[in-house]
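K.L.:
Structure supplied as model25.txt; contents: compact mmCIF, C-alpha atoms (C1' of nucleotides).
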# COMPACT_ATOMS: atom_id res chain seq x y z
CA MET H 80 -28.56 9.20 8.14
CA PRO H 81 -29.83 9.97 4.63
CA SER H 82 -33.27 8.62 3.88
CA ASN H 83 -32.17 7.34 0.48
CA PRO H 84 -30.56 3.95 0.98
CA TYR H 85 -28.47 4.39 -2.16
CA HIS H 86 -26.85 7.61 -1.02
CA GLN H 87 -23.62 6.04 0.23
CA LEU H 88 -23.27 3.69 -2.72
CA LYS H 89 -23.61 6.65 -5.05
CA GLN H 90 -20.92 8.44 -3.12
CA PHE H 91 -18.70 5.38 -3.38
CA ILE H 92 -19.09 5.30 -7.15
CA SER H 93 -18.88 8.98 -7.86
CA ALA H 94 -15.79 9.35 -5.69
CA ALA H 95 -14.10 6.80 -7.93
CA MET H 96 -15.25 7.83 -11.41
CA PRO H 97 -17.08 10.60 -13.17
CA VAL H 98 -20.67 9.55 -13.60
CA ASP H 99 -23.97 11.37 -13.99
CA ASP H 100 -27.08 10.94 -11.87
CA GLU H 101 -28.99 8.98 -14.43
CA GLN H 102 -26.22 6.43 -14.79
CA LEU H 103 -25.94 6.20 -11.02
CA ASN H 104 -29.61 5.38 -10.76
CA ILE H 105 -29.33 2.66 -13.37
CA PHE H 106 -26.40 1.24 -11.48
CA CYS H 107 -28.07 1.33 -8.09
CA LYS H 108 -31.26 -0.23 -9.39
CA LYS H 109 -29.44 -3.57 -9.46
CA PHE H 110 -28.98 -3.47 -5.71
CA ARG H 111 -31.69 -4.37 -3.26
CA HIS H 112 -31.98 -2.91 0.19
CA LYS H 113 -32.59 -4.51 3.55
CA THR H 114 -32.09 -4.03 7.25
CA THR H 115 -30.88 -6.80 9.51
CA LYS H 116 -31.11 -7.61 13.17
CA ARG H 117 -28.20 -8.06 15.50
CA ASN H 118 -26.57 -11.44 14.88
CA GLU H 119 -28.75 -12.23 11.90
CA ILE H 120 -27.18 -14.87 9.68
CA LEU H 121 -26.95 -13.77 6.04
CA LEU H 122 -25.09 -16.82 4.76
CA GLN H 123 -24.76 -20.30 6.22
CA ALA H 124 -21.44 -22.06 5.86
CA GLY H 125 -21.79 -24.67 3.12
CA ASP H 126 -24.11 -22.56 1.02
CA ILE H 127 -22.99 -20.71 -2.09
CA ALA H 128 -22.79 -16.98 -1.40
CA PRO H 129 -25.43 -15.50 -3.70
CA TYR H 130 -24.75 -11.86 -2.88
CA ILE H 131 -22.12 -9.27 -2.34
CA TYR H 132 -23.11 -6.62 0.19
CA PHE H 133 -22.56 -2.92 0.54
CA VAL H 134 -22.86 -1.77 4.13
CA ASN H 135 -24.66 1.52 4.75
CA SER H 136 -24.49 1.17 8.50
CA GLY H 137 -23.70 -1.56 10.96
CA CYS H 138 -21.17 -4.32 10.54
CA LEU H 139 -20.98 -7.66 8.79
CA ARG H 140 -18.73 -10.43 9.99
CA VAL H 141 -17.39 -13.19 7.77
CA PHE H 142 -16.37 -16.06 9.99
CA MET H 143 -15.58 -19.74 10.13
CA LEU H 144 -16.71 -22.30 12.65
CA ASP H 145 -14.54 -25.33 13.23
CA VAL H 146 -15.62 -28.78 14.37
CA ASN H 147 -15.02 -27.85 18.01
CA GLY H 148 -17.28 -24.84 17.72
CA LYS H 149 -14.43 -22.36 17.73
CA GLU H 150 -15.13 -19.31 15.63
CA SER H 151 -12.59 -17.40 13.55
CA THR H 152 -13.39 -14.07 12.02
CA ARG H 153 -12.02 -13.79 8.51
CA PHE H 154 -13.20 -10.26 7.80
CA LEU H 155 -15.17 -7.43 9.25
CA VAL H 156 -17.06 -5.16 6.89
CA THR H 157 -18.14 -1.75 8.13
CA GLU H 158 -19.89 1.31 6.71
CA GLY H 159 -19.20 2.27 3.14
CA ARG H 160 -17.50 -0.98 2.18
CA PHE H 161 -18.32 -3.98 0.02
CA GLY H 162 -18.00 -7.43 1.47
CA THR H 163 -19.04 -11.04 1.14
CA ALA H 164 -17.64 -14.52 1.57
CA PHE H 165 -15.41 -13.69 -1.35
CA PRO H 166 -14.09 -17.06 -2.50
CA SER H 167 -17.58 -18.50 -2.51
CA PHE H 168 -19.18 -15.49 -4.18
CA ASN H 169 -16.48 -15.22 -6.78
CA LEU H 170 -16.22 -18.89 -7.69
CA GLN H 171 -19.85 -19.72 -6.88
CA GLU H 172 -18.86 -22.70 -4.79
CA PRO H 173 -19.90 -23.68 -1.24
CA SER H 174 -18.58 -21.32 1.38
CA LEU H 175 -16.30 -22.30 4.21
CA ALA H 176 -17.34 -19.11 5.94
CA ALA H 177 -20.66 -17.82 7.19
CA ILE H 178 -21.79 -14.20 7.21
CA GLN H 179 -23.65 -12.54 10.03
CA SER H 180 -24.62 -8.98 10.75
CA ILE H 181 -23.00 -8.45 14.06
CA GLU H 182 -24.90 -5.23 14.66
CA PRO H 183 -28.31 -4.18 13.38
CA SER H 184 -27.33 -3.15 9.90
CA ASP H 185 -28.58 -1.34 6.87
CA ILE H 186 -27.25 -2.95 3.72
CA LEU H 187 -27.53 -3.23 -0.02
CA TYR H 188 -26.99 -6.48 -1.86
CA ILE H 189 -26.63 -7.66 -5.43
CA SER H 190 -26.58 -11.14 -6.92
CA HIS H 191 -23.52 -12.69 -8.50
CA HIS H 192 -25.23 -12.64 -11.86
CA ASP H 193 -26.18 -8.99 -11.69
CA PHE H 194 -22.78 -8.04 -10.33
CA ASN H 195 -21.07 -9.68 -13.27
CA ALA H 196 -23.53 -8.12 -15.65
CA LEU H 197 -22.63 -4.70 -14.27
CA LEU H 198 -18.96 -5.46 -14.83
CA ASP H 199 -19.68 -6.24 -18.45
CA THR H 200 -22.09 -3.44 -19.18
CA PHE H 201 -21.52 -0.47 -16.94
CA PRO H 202 -18.74 1.71 -18.35
CA GLY H 203 -16.00 2.28 -15.85
CA TRP H 204 -17.32 -0.07 -13.22
CA GLU H 205 -14.79 -2.80 -13.91
CA HIS H 206 -12.08 -0.18 -13.45
CA VAL H 207 -13.49 0.99 -10.13
CA TYR H 208 -13.96 -2.57 -8.96
CA ARG H 209 -10.40 -3.41 -9.97
CA ILE H 210 -9.05 -0.55 -7.88
CA SER H 211 -11.21 -1.65 -4.98
CA LEU H 212 -9.94 -5.22 -5.34
CA GLU H 213 -6.38 -3.95 -5.23
CA LYS H 214 -7.12 -2.19 -1.95
CA ASP H 215 -8.72 -5.27 -0.45
CA TYR H 216 -5.85 -7.42 -1.65
CA ILE H 217 -3.34 -5.06 -0.08
CA ALA H 218 -5.28 -5.12 3.17
CA SER H 219 -5.20 -8.91 3.14
CA ILE H 220 -1.46 -8.92 2.45
CA LYS H 221 -0.93 -6.67 5.44
CA ARG H 222 -3.02 -9.00 7.54
CA ILE H 223 -0.90 -11.97 6.41
CA GLU H 224 2.22 -10.03 7.31
CA SER H 225 0.93 -9.29 10.78
CA LEU H 226 0.03 -12.94 11.28
CA ILE H 227 3.40 -14.31 10.23
CA THR H 228 5.64 -11.67 11.78
CA MET H 229 3.92 -10.50 14.95
CA ASP H 230 2.92 -12.06 18.24
CA ALA H 231 -0.49 -11.58 19.81
CA LYS H 232 0.40 -8.39 21.63
CA GLN H 233 1.87 -6.72 18.57
CA ARG H 234 -1.13 -7.66 16.46
CA TYR H 235 -3.46 -6.17 19.03
CA GLN H 236 -1.45 -2.98 19.20
CA LEU H 237 -1.48 -2.73 15.42
CA LEU H 238 -5.25 -3.09 15.37
CA MET H 239 -5.53 -0.40 18.03
CA GLU H 240 -3.54 1.91 15.82
CA THR H 241 -5.28 1.14 12.57
CA SER H 242 -8.87 0.49 13.68
CA PRO H 243 -9.44 1.85 17.17
CA THR H 244 -13.15 2.27 16.49
CA LEU H 245 -13.54 -1.42 15.67
CA ILE H 246 -12.09 -2.32 19.06
CA GLN H 247 -14.46 0.04 20.78
CA ARG H 248 -17.61 -1.05 19.07
CA LEU H 249 -17.19 -4.80 18.83
CA PRO H 250 -17.14 -7.37 21.66
CA SER H 251 -13.60 -8.37 22.45
CA LYS H 252 -14.52 -11.95 21.75
CA ILE H 253 -14.85 -11.00 18.09
CA ILE H 254 -11.66 -8.95 18.13
CA ALA H 255 -9.85 -11.94 19.62
CA ASP H 256 -10.79 -14.35 16.92
CA TYR H 257 -10.18 -11.74 14.24
CA LEU H 258 -6.64 -11.57 15.64
CA GLY H 259 -6.42 -15.35 15.73
CA ILE H 260 -6.02 -15.54 19.51
CA SER H 261 -8.22 -16.74 22.35
CA GLN H 262 -10.52 -14.46 24.23
CA GLU H 263 -8.58 -15.08 27.43
CA THR H 264 -5.27 -14.15 25.88
CA LEU H 265 -6.73 -10.89 24.60
CA SER H 266 -8.17 -10.11 27.99
CA ARG H 267 -4.73 -10.62 29.54
CA LEU H 268 -3.05 -8.47 26.90
CA LYS H 269 -5.41 -5.65 27.69
CA SER H 270 -4.89 -5.79 31.44
CA LYS H 271 -1.11 -6.18 31.26
CA ARG H 272 -1.14 -3.19 28.86
CA MET S 211 12.20 -24.40 -22.61
CA PRO S 212 11.14 -22.19 -25.51
CA SER S 213 13.80 -19.88 -26.85
CA ASN S 214 11.39 -16.98 -27.00
CA PRO S 215 11.26 -15.41 -23.56
CA TYR S 216 7.74 -14.12 -24.21
CA HIS S 217 6.28 -17.50 -24.96
CA GLN S 218 4.82 -18.12 -21.54
CA LEU S 219 3.50 -14.60 -21.13
CA LYS S 220 1.73 -14.94 -24.46
CA GLN S 221 0.21 -18.17 -23.28
CA PHE S 222 -0.93 -16.48 -20.08
CA ILE S 223 -2.67 -13.74 -22.04
CA SER S 224 -4.16 -15.82 -24.80
CA ALA S 225 -5.49 -18.36 -22.32
CA ALA S 226 -7.45 -15.53 -20.71
CA MET S 227 -8.71 -13.56 -23.70
CA PRO S 228 -8.94 -13.78 -27.46
CA VAL S 229 -6.05 -11.84 -28.91
CA ASP S 230 -4.12 -11.97 -32.16
CA ASP S 231 -0.38 -12.33 -32.57
CA GLU S 232 0.23 -8.76 -33.50
CA GLN S 233 -1.52 -7.47 -30.39
CA LEU S 234 0.39 -9.97 -28.29
CA ASN S 235 3.65 -8.65 -29.62
CA ILE S 236 2.69 -5.07 -28.87
CA PHE S 237 1.76 -6.14 -25.38
CA CYS S 238 4.94 -8.09 -24.74
CA LYS S 239 7.14 -5.31 -26.03
CA LYS S 240 6.49 -3.45 -22.80
CA PHE S 241 8.18 -6.19 -20.83
CA ARG S 242 11.91 -6.56 -20.53
CA HIS S 243 13.68 -9.82 -20.04
CA LYS S 244 16.43 -10.85 -17.67
CA THR S 245 17.94 -13.81 -15.93
CA THR S 246 18.92 -13.78 -12.31
CA LYS S 247 21.35 -15.63 -10.14
CA ARG S 248 20.45 -17.66 -7.11
CA ASN S 249 19.65 -15.34 -4.19
CA GLU S 250 19.93 -12.22 -6.28
CA ILE S 251 18.12 -9.31 -4.66
CA LEU S 252 15.64 -7.66 -7.02
CA LEU S 253 14.24 -5.17 -4.54
CA GLN S 254 15.65 -3.88 -1.28
CA ALA S 255 13.26 -3.26 1.58
CA GLY S 256 12.70 0.46 1.87
CA ASP S 257 12.83 1.05 -1.88
CA ILE S 258 9.77 1.60 -3.99
CA ALA S 259 9.04 -1.47 -6.11
CA PRO S 260 9.52 -0.25 -9.69
CA TYR S 261 8.51 -3.47 -11.41
CA ILE S 262 6.05 -6.29 -11.48
CA TYR S 263 7.58 -9.57 -12.61
CA PHE S 264 6.39 -12.48 -14.68
CA VAL S 265 8.34 -15.64 -13.91
CA ASN S 266 9.28 -17.84 -16.86
CA SER S 267 11.31 -20.21 -14.73
CA GLY S 268 12.72 -20.20 -11.24
CA CYS S 269 11.17 -18.69 -8.18
CA LEU S 270 10.89 -15.26 -6.61
CA ARG S 271 10.47 -14.76 -2.92
CA VAL S 272 8.88 -11.71 -1.34
CA PHE S 273 10.01 -11.52 2.26
CA MET S 274 10.40 -9.30 5.27
CA LEU S 275 13.32 -8.97 7.61
CA ASP S 276 12.69 -7.87 11.17
CA VAL S 277 15.03 -6.01 13.50
CA ASN S 278 16.33 -9.28 14.94
CA GLY S 279 17.23 -10.55 11.48
CA LYS S 280 14.34 -12.98 11.35
CA GLU S 281 12.96 -13.45 7.85
CA SER S 282 9.32 -14.01 6.96
CA THR S 283 8.25 -15.02 3.50
CA ARG S 284 5.17 -13.18 2.38
CA PHE S 285 4.83 -14.81 -1.02
CA LEU S 286 6.49 -17.23 -3.35
CA VAL S 287 6.11 -16.70 -7.07
CA THR S 288 6.80 -19.59 -9.40
CA GLU S 289 6.63 -20.27 -13.13
CA GLY S 290 3.87 -18.67 -15.13
CA ARG S 291 2.80 -16.23 -12.41
CA PHE S 292 3.00 -12.51 -11.86
CA GLY S 293 4.42 -11.20 -8.64
CA THR S 294 5.99 -8.25 -6.89
CA ALA S 295 5.98 -6.50 -3.53
CA PHE S 296 2.39 -5.67 -4.29
CA PRO S 297 1.55 -2.92 -1.80
CA SER S 298 4.70 -1.02 -2.75
CA PHE S 299 4.28 -1.54 -6.48
CA ASN S 300 0.62 -0.64 -6.42
CA LEU S 301 0.84 2.42 -4.20
CA GLN S 302 4.38 3.38 -5.23
CA GLU S 303 5.48 3.73 -1.66
CA PRO S 304 8.52 2.26 0.13
CA SER S 305 8.33 -1.48 0.50
CA LEU S 306 8.34 -3.33 3.79
CA ALA S 307 9.32 -6.42 1.87
CA ALA S 308 12.33 -7.29 -0.25
CA ILE S 309 12.31 -9.49 -3.34
CA GLN S 310 14.91 -12.07 -4.13
CA SER S 311 15.20 -14.74 -6.77
CA ILE S 312 15.61 -17.77 -4.65
CA GLU S 313 16.65 -19.90 -7.62
CA PRO S 314 18.39 -18.85 -10.83
CA SER S 315 15.41 -17.46 -12.66
CA ASP S 316 14.29 -16.31 -16.05
CA ILE S 317 11.89 -13.41 -15.72
CA LEU S 318 10.11 -10.59 -17.46
CA TYR S 319 9.48 -7.26 -15.83
CA ILE S 320 7.52 -4.12 -16.53
CA SER S 321 7.54 -0.74 -14.83
CA HIS S 322 4.64 0.61 -12.85
CA HIS S 323 4.13 3.32 -15.42
CA ASP S 324 4.06 0.93 -18.36
CA PHE S 325 1.86 -1.51 -16.51
CA ASN S 326 -0.70 1.18 -15.84
CA ALA S 327 -0.46 2.38 -19.39
CA LEU S 328 -1.26 -1.14 -20.58
CA LEU S 329 -4.31 -1.19 -18.31
CA ASP S 330 -5.53 2.00 -19.90
CA THR S 331 -4.72 1.22 -23.49
CA PHE S 332 -4.70 -2.48 -24.16
CA PRO S 333 -8.22 -3.73 -24.79
CA GLY S 334 -9.17 -6.54 -22.48
CA TRP S 335 -6.09 -6.38 -20.33
CA GLU S 336 -7.78 -4.70 -17.39
CA HIS S 337 -10.35 -7.48 -17.48
CA VAL S 338 -7.70 -10.20 -17.47
CA TYR S 339 -5.78 -8.44 -14.73
CA ARG S 340 -8.94 -8.08 -12.66
CA ILE S 341 -9.59 -11.82 -12.89
CA SER S 342 -6.00 -12.49 -11.94
CA LEU S 343 -6.31 -10.14 -8.97
CA GLU S 344 -9.40 -11.99 -7.83
CA LYS S 345 -7.45 -15.24 -7.87
CA ASP S 346 -4.57 -13.78 -5.93
CA TYR S 347 -6.97 -12.21 -3.46
CA ILE S 348 -8.71 -15.53 -2.93
CA ALA S 349 -5.35 -17.22 -2.40
CA SER S 350 -4.46 -14.64 0.21
CA ILE S 351 -7.81 -15.10 1.96
CA LYS S 352 -7.15 -18.81 2.14
CA ARG S 353 -3.74 -18.13 3.60
CA ILE S 354 -5.29 -15.87 6.25
CA GLU S 355 -7.78 -18.61 7.07
CA SER S 356 -5.04 -21.14 7.50
CA LEU S 357 -3.11 -18.77 9.75
CA ILE S 358 -6.02 -17.99 12.05
CA THR S 359 -7.62 -21.43 12.21
CA MET S 360 -4.80 -23.95 11.96
CA ASP S 361 -1.81 -24.90 14.05
CA ALA S 362 1.66 -25.39 12.60
CA LYS S 363 1.16 -29.05 11.75
CA GLN S 364 -2.12 -28.47 9.96
CA ARG S 365 -0.66 -25.61 7.94
CA TYR S 366 2.25 -27.78 6.88
CA GLN S 367 -0.06 -30.60 5.87
CA LEU S 368 -2.17 -28.17 3.88
CA LEU S 369 0.89 -26.92 2.04
CA MET S 370 1.93 -30.50 1.32
CA GLU S 371 -1.46 -31.10 -0.25
CA THR S 372 -1.69 -27.88 -2.23
CA SER S 373 1.94 -27.27 -3.21
CA PRO S 374 3.99 -30.44 -2.78
CA THR S 375 6.45 -29.30 -5.42
CA LEU S 376 7.24 -26.13 -3.50
CA ILE S 377 8.17 -28.19 -0.47
CA GLN S 378 10.42 -30.37 -2.55
CA ARG S 379 12.26 -27.65 -4.35
CA LEU S 380 12.75 -25.02 -1.67
CA PRO S 381 14.90 -25.22 1.47
CA SER S 382 12.76 -26.00 4.48
CA LYS S 383 14.01 -22.83 6.10
CA ILE S 384 12.01 -20.89 3.52
CA ILE S 385 8.99 -23.14 3.88
CA ALA S 386 9.10 -22.58 7.64
CA ASP S 387 8.96 -18.85 7.47
CA TYR S 388 6.35 -18.97 4.74
CA LEU S 389 4.25 -20.95 7.22
CA GLY S 390 5.07 -18.50 9.98
CA ILE S 391 6.88 -21.05 12.14
CA SER S 392 10.50 -21.59 13.13
CA GLN S 393 12.81 -23.82 11.20
CA GLU S 394 13.19 -26.08 14.23
CA THR S 395 9.46 -26.53 14.66
CA LEU S 396 9.11 -27.50 11.01
CA SER S 397 11.94 -29.97 11.31
CA ARG S 398 10.18 -31.59 14.27
CA LEU S 399 6.85 -31.71 12.47
CA LYS S 400 8.47 -33.56 9.61
CA SER S 401 10.20 -36.16 11.79
CA LYS S 402 7.17 -36.77 14.02
CA ARG S 403 5.23 -37.34 10.78
C1' DG D 182 36.62 -32.43 -5.93
C1' DT D 183 37.18 -30.00 -1.81
C1' DA D 184 36.84 -26.50 1.64
C1' DA D 185 33.78 -23.31 3.39
C1' DA D 186 29.39 -21.94 4.11
C1' DT D 187 24.74 -22.88 4.67
C1' DT D 188 21.02 -25.66 6.20
C1' DA D 189 18.91 -29.29 8.97
C1' DT D 190 18.37 -31.84 13.08
C1' DT D 191 18.12 -32.58 17.89
C1' DG D 192 18.14 -31.54 22.93
C1' DA D 193 17.15 -28.62 26.83
C1' DC D 194 14.67 -25.15 28.37
C1' DA D 195 11.87 -20.67 28.25
C1' DT D 196 7.96 -18.32 26.70
C1' DT D 197 3.71 -17.75 24.67
C1' DT D 198 -0.66 -19.09 24.09
C1' DG D 199 -4.51 -22.23 24.75
C1' DT D 200 -7.86 -24.74 27.66
C1' DC D 201 -10.84 -25.44 31.38
C1' DA D 202 -13.23 -23.72 35.19
C1' DA D 203 -15.14 -20.45 38.30
C1' DT D 204 -16.81 -16.04 38.99
C1' DA D 205 -17.86 -11.31 37.88
C1' DA D 206 -19.55 -7.96 34.81
C1' DA D 207 -22.09 -6.33 31.05
C1' DC D 208 -25.70 -6.49 28.06
C1' DC D 209 -30.14 -7.55 25.77
C1' DG D 210 -34.81 -8.29 25.04
C1' DC D 211 -38.93 -7.73 26.81
C1' DG J 76 -35.93 -2.05 35.22
C1' DC J 77 -35.30 -7.05 35.60
C1' DG J 78 -34.03 -11.79 34.69
C1' DG J 79 -31.56 -14.39 31.88
C1' DT J 80 -27.97 -14.81 28.74
C1' DT J 81 -23.78 -13.61 26.95
C1' DT J 82 -19.27 -11.78 27.58
C1' DA J 83 -15.11 -10.68 30.23
C1' DT J 84 -11.79 -11.64 33.66
C1' DT J 85 -8.77 -14.39 36.36
C1' DG J 86 -6.31 -18.57 38.04
C1' DA J 87 -4.15 -22.99 37.38
C1' DC J 88 -2.31 -25.80 34.37
C1' DA J 89 -1.26 -27.98 29.71
C1' DA J 90 0.25 -27.76 25.13
C1' DA J 91 2.49 -25.63 21.37
C1' DT J 92 6.09 -23.16 19.73
C1' DG J 93 10.28 -20.40 20.10
C1' DT J 94 15.16 -19.80 21.39
C1' DC J 95 19.77 -21.12 22.05
C1' DA J 96 23.35 -24.24 21.33
C1' DA J 97 25.77 -28.14 19.54
C1' DT J 98 26.39 -31.16 15.90
C1' DA J 99 25.44 -33.37 11.50
C1' DA J 100 24.28 -33.17 6.83
C1' DT J 101 24.04 -30.87 2.64
C1' DT J 102 25.11 -27.66 -0.71
C1' DT J 103 27.69 -24.18 -3.00
C1' DA J 104 31.42 -21.75 -5.01
C1' DC J 105 35.67 -22.07 -6.79
Written as structure tokens, how would this file's structure read?
P.N.:
Amino acid sequence: MPSNPYHQLKQFISAAMPVDDEQLNIFCKKFRHKTTKRNEILLQAGDIAPYIYFVNSGCLRVFMLDVNGKESTRFLVTEGRFGTAFPSFNLQEPSLAAIQSIEPSDILYISHHDFNALLDTFPGWEHVYRISLEKDYIASIKRIESLITMDAKQRYQLLMETSPTLIQRLPSKIIADYLGISQETLSRLKSKR
Amino acid sequence: MPSNPYHQLKQFISAAMPVDDEQLNIFCKKFRHKTTKRNEILLQAGDIAPYIYFVNSGCLRVFMLDVNGKESTRFLVTEGRFGTAFPSFNLQEPSLAAIQSIEPSDILYISHHDFNALLDTFPGWEHVYRISLEKDYIASIKRIESLITMDAKQRYQLLMETSPTLIQRLPSKIIADYLGISQETLSRLKSKR
DNA sequence: GTAAATTATTGACATTTGTCAATAAACCGC
DNA sequence: GCGGTTTATTGACAAATGTCAATAATTTAC
């Protein structure tokens, strides 16, 4: 692991656009760095998401909690990706979802205000962000497709194909509610192969 | 209905950014205009989506067809909105989904090449498109939420609240597979109130 | 306007998935 | 390493939803 917490963010940017070191440093200066404990809550449901996060290592989980205490995982954000409770962060309105760091994590974060300022002032960043949004949007479309066209077993198999490492590293409880099924159903799927 | 087929697109743009008439005309010139018949297929599954559409009137449906002939509606695109088989259009790879105009429709369309050229050359357009992407992404996140946290009845009630006109104007068969449930289940939900 | 086609409804039943409960296994923090 | 907590598995059953089939209602194309 590189000692510089901005190393991966710089890679993310420079992979997407030509940019010199000085510019990169200006860009990164807007992000703050922190480490989190396992299961640390970064955003409570009902609060307005102040930050978007970039994950250096570990994993963030964006999830909802219904009145019966049932949890549903909306998104999982792993190394080298941006993530937040997007509707809340984007619209600056109270979040239906909470965010927790499901593993001890090393993350960067930037406020909504600074993020928007970067979009307005940093040449090329809006373009890179737009491309990144397109990718995230496509991923969410594929998730919708899997939810409306596949049963539990097919969705699990798909996840095994596309994200086998997620399945290995996360408790199957989390995988189950990411798939929108109960823990017991997932357990049965796994045993019945 | 305005006689100029670009009227609504101009409104879409000028509502989102300051732009003069001459620029608007340059912008719109990249779009072609056509009308479609009810149930006309605009894109076959397996083809690469060449166009993104702007709907003046009518409704486009982006849907998938599984091996058993079961259809699933991924998105519905109504008046004043952009839409296409997004993953295919964006990545220029074969589409899992087909597009049909579910009602006789009046639409504009632009090729992937021209669309990207506009992003590169038309000042402010990438910004407007980015904002529009954020909205679409948020809508898709909300759809994912509803699919993983709600049962069929709750999803139907949500759709009644958020898009009552859609329910009125489209056959309930379409509504059912948009919700990811069978036509029969939807029919029972409606009768059991 | 009418015939043909499509869509909607309803019943009976099958299947999938969820819920609750009990136990076993794994894991975590110290 | 150990004790306590969380997570996973399994069974029994309930609830939700899907499938198939028959019929009714609606809509469309001409």
K.L.:
So that I can check the surroundings of stretch 130-141 of chain H, please list as a VMD selection string every protein, DNA and RNA residue that reaches within 7 Å of it, counting all atoms listed in the file and ignoring chain neighbours fewer than 6 positions away.
P.N.:
chain H and resid 87 152 to 164 168 176 to 191
K.L.:
What does the file look like for those residues with C-alpha atoms, as an mmCIF file, in the frame of the given file?
P.N.:
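File produced: again-v1.cif:
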data_model
loop_
_atom_site.group_PDB
_atom_site.id
_atom_site.type_symbol
_atom_site.label_atom_id
_atom_site.label_comp_id
_atom_site.auth_asym_id
_atom_site.auth_seq_id
_atom_site.Cartn_x
_atom_site.Cartn_y
_atom_site.Cartn_z
ATOM 1 C CA GLN H 87 -23.620 6.040 0.230
ATOM 2 C CA THR H 152 -13.390 -14.070 12.020
ATOM 3 C CA ARG H 153 -12.020 -13.790 8.510
ATOM 4 C CA PHE H 154 -13.200 -10.260 7.800
ATOM 5 C CA LEU H 155 -15.170 -7.430 9.250
ATOM 6 C CA VAL H 156 -17.060 -5.160 6.890
ATOM 7 C CA THR H 157 -18.140 -1.750 8.130
ATOM 8 C CA GLU H 158 -19.890 1.310 6.710
ATOM 9 C CA GLY H 159 -19.200 2.270 3.140
ATOM 10 C CA ARG H 160 -17.500 -0.980 2.180
ATOM 11 C CA PHE H 161 -18.320 -3.980 0.020
ATOM 12 C CA GLY H 162 -18.000 -7.430 1.470
ATOM 13 C CA THR H 163 -19.040 -11.040 1.140
ATOM 14 C CA ALA H 164 -17.640 -14.520 1.570
ATOM 15 C CA PHE H 168 -19.180 -15.490 -4.180
ATOM 16 C CA ALA H 176 -17.340 -19.110 5.940
ATOM 17 C CA ALA H 177 -20.660 -17.820 7.190
ATOM 18 C CA ILE H 178 -21.790 -14.200 7.210
ATOM 19 C CA GLN H 179 -23.650 -12.540 10.030
ATOM 20 C CA SER H 180 -24.620 -8.980 10.750
ATOM 21 C CA ILE H 181 -23.000 -8.450 14.060
ATOM 22 C CA GLU H 182 -24.900 -5.230 14.660
ATOM 23 C CA PRO H 183 -28.310 -4.180 13.380
ATOM 24 C CA SER H 184 -27.330 -3.150 9.900
ATOM 25 C CA ASP H 185 -28.580 -1.340 6.870
ATOM 26 C CA ILE H 186 -27.250 -2.950 3.720
ATOM 27 C CA LEU H 187 -27.530 -3.230 -0.020
ATOM 28 C CA TYR H 188 -26.990 -6.480 -1.860
ATOM 29 C CA ILE H 189 -26.630 -7.660 -5.430
ATOM 30 C CA SER H 190 -26.580 -11.140 -6.920
ATOM 31 C CA HIS H 191 -23.520 -12.690 -8.500
#
K.L.:
Give me the residues of chain S that have any atom at most 9 Å from an atom of chain J; for each, the nearest atom pair and the distance in Å, rounded to one decimal. Use all atoms listed in the file, sort by chain and number, and format it as a tab-separated table.
P.N.:
residue	atom	partner	partner_atom	distance
S:Asp361	CA	J:DA91	C1'	8.5
S:Ala362	CA	J:DT92	C1'	8.7
S:Ile391	CA	J:DT92	C1'	7.9
S:Ser392	CA	J:DG93	C1'	7.1
S:Glu394	CA	J:DG93	C1'	8.7
S:Thr395	CA	J:DT92	C1'	7.0
K.L.:
So what do you get for atom CA of S:Met370 versus atom CA of H:Gln123, distance-wise?
P.N.:
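We find that atom CA of S:Met370 and atom CA of H:Gln123 lie 29.0 Å from each other.
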K.L.:
Residues of chain S that approach chain D to 10 Å or less, counting only C-alpha atoms (C1' of nucleotides): could you list each one with the shortest pair of atoms and its distance in Å to one decimal, rows by chain and increasing residue number, as a tab-separated table?
P.N.:
residue	atom	partner	partner_atom	distance
S:Pro381	CA	D:DT188	C1'	7.7
S:Ser382	CA	D:DA189	C1'	8.3
S:Lys383	CA	D:DT188	C1'	7.6
S:Gln393	CA	D:DA189	C1'	8.5
S:Glu394	CA	D:DT190	C1'	7.8
S:Ser397	CA	D:DT190	C1'	6.9
S:Arg398	CA	D:DT190	C1'	8.3
S:Ser401	CA	D:DT190	C1'	9.3
K.L.:
Show me which bits of chain H are within 7 Å of chain S, counting all atoms listed in the file, as a compact mmCIF listing (two decimals) with C-alpha atoms, keeping the file's coordinate frame.
P.N.:
# COMPACT_ATOMS: atom_id res chain seq x y z
CA SER H 151 -12.59 -17.40 13.55
CA ARG H 153 -12.02 -13.79 8.51
CA PRO H 166 -14.09 -17.06 -2.50
CA ARG H 209 -10.40 -3.41 -9.97
CA TYR H 216 -5.85 -7.42 -1.65
CA ILE H 217 -3.34 -5.06 -0.08
CA SER H 219 -5.20 -8.91 3.14
CA ILE H 220 -1.46 -8.92 2.45
CA ILE H 223 -0.90 -11.97 6.41
CA GLU H 224 2.22 -10.03 7.31
CA LEU H 226 0.03 -12.94 11.28
CA ILE H 227 3.40 -14.31 10.23
CA THR H 228 5.64 -11.67 11.78
CA GLY H 259 -6.42 -15.35 15.73
K.L.:
For the atom pair atom CA of H:Asn83 and atom CA of H:Asn195, what is the interatomic distance in Å to one decimal place?
P.N.:
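Computing the Euclidean distance for atom CA of H:Asn83 and atom CA of H:Asn195 yields 24.5 Å.
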K.L.:
Quick one: distance from atom CA of H:Leu237 to atom CA of S:Ser305 in Å, one decimal?
P.N.:
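Going from atom CA of H:Leu237 over to atom CA of S:Ser305, I get 17.9 Å.
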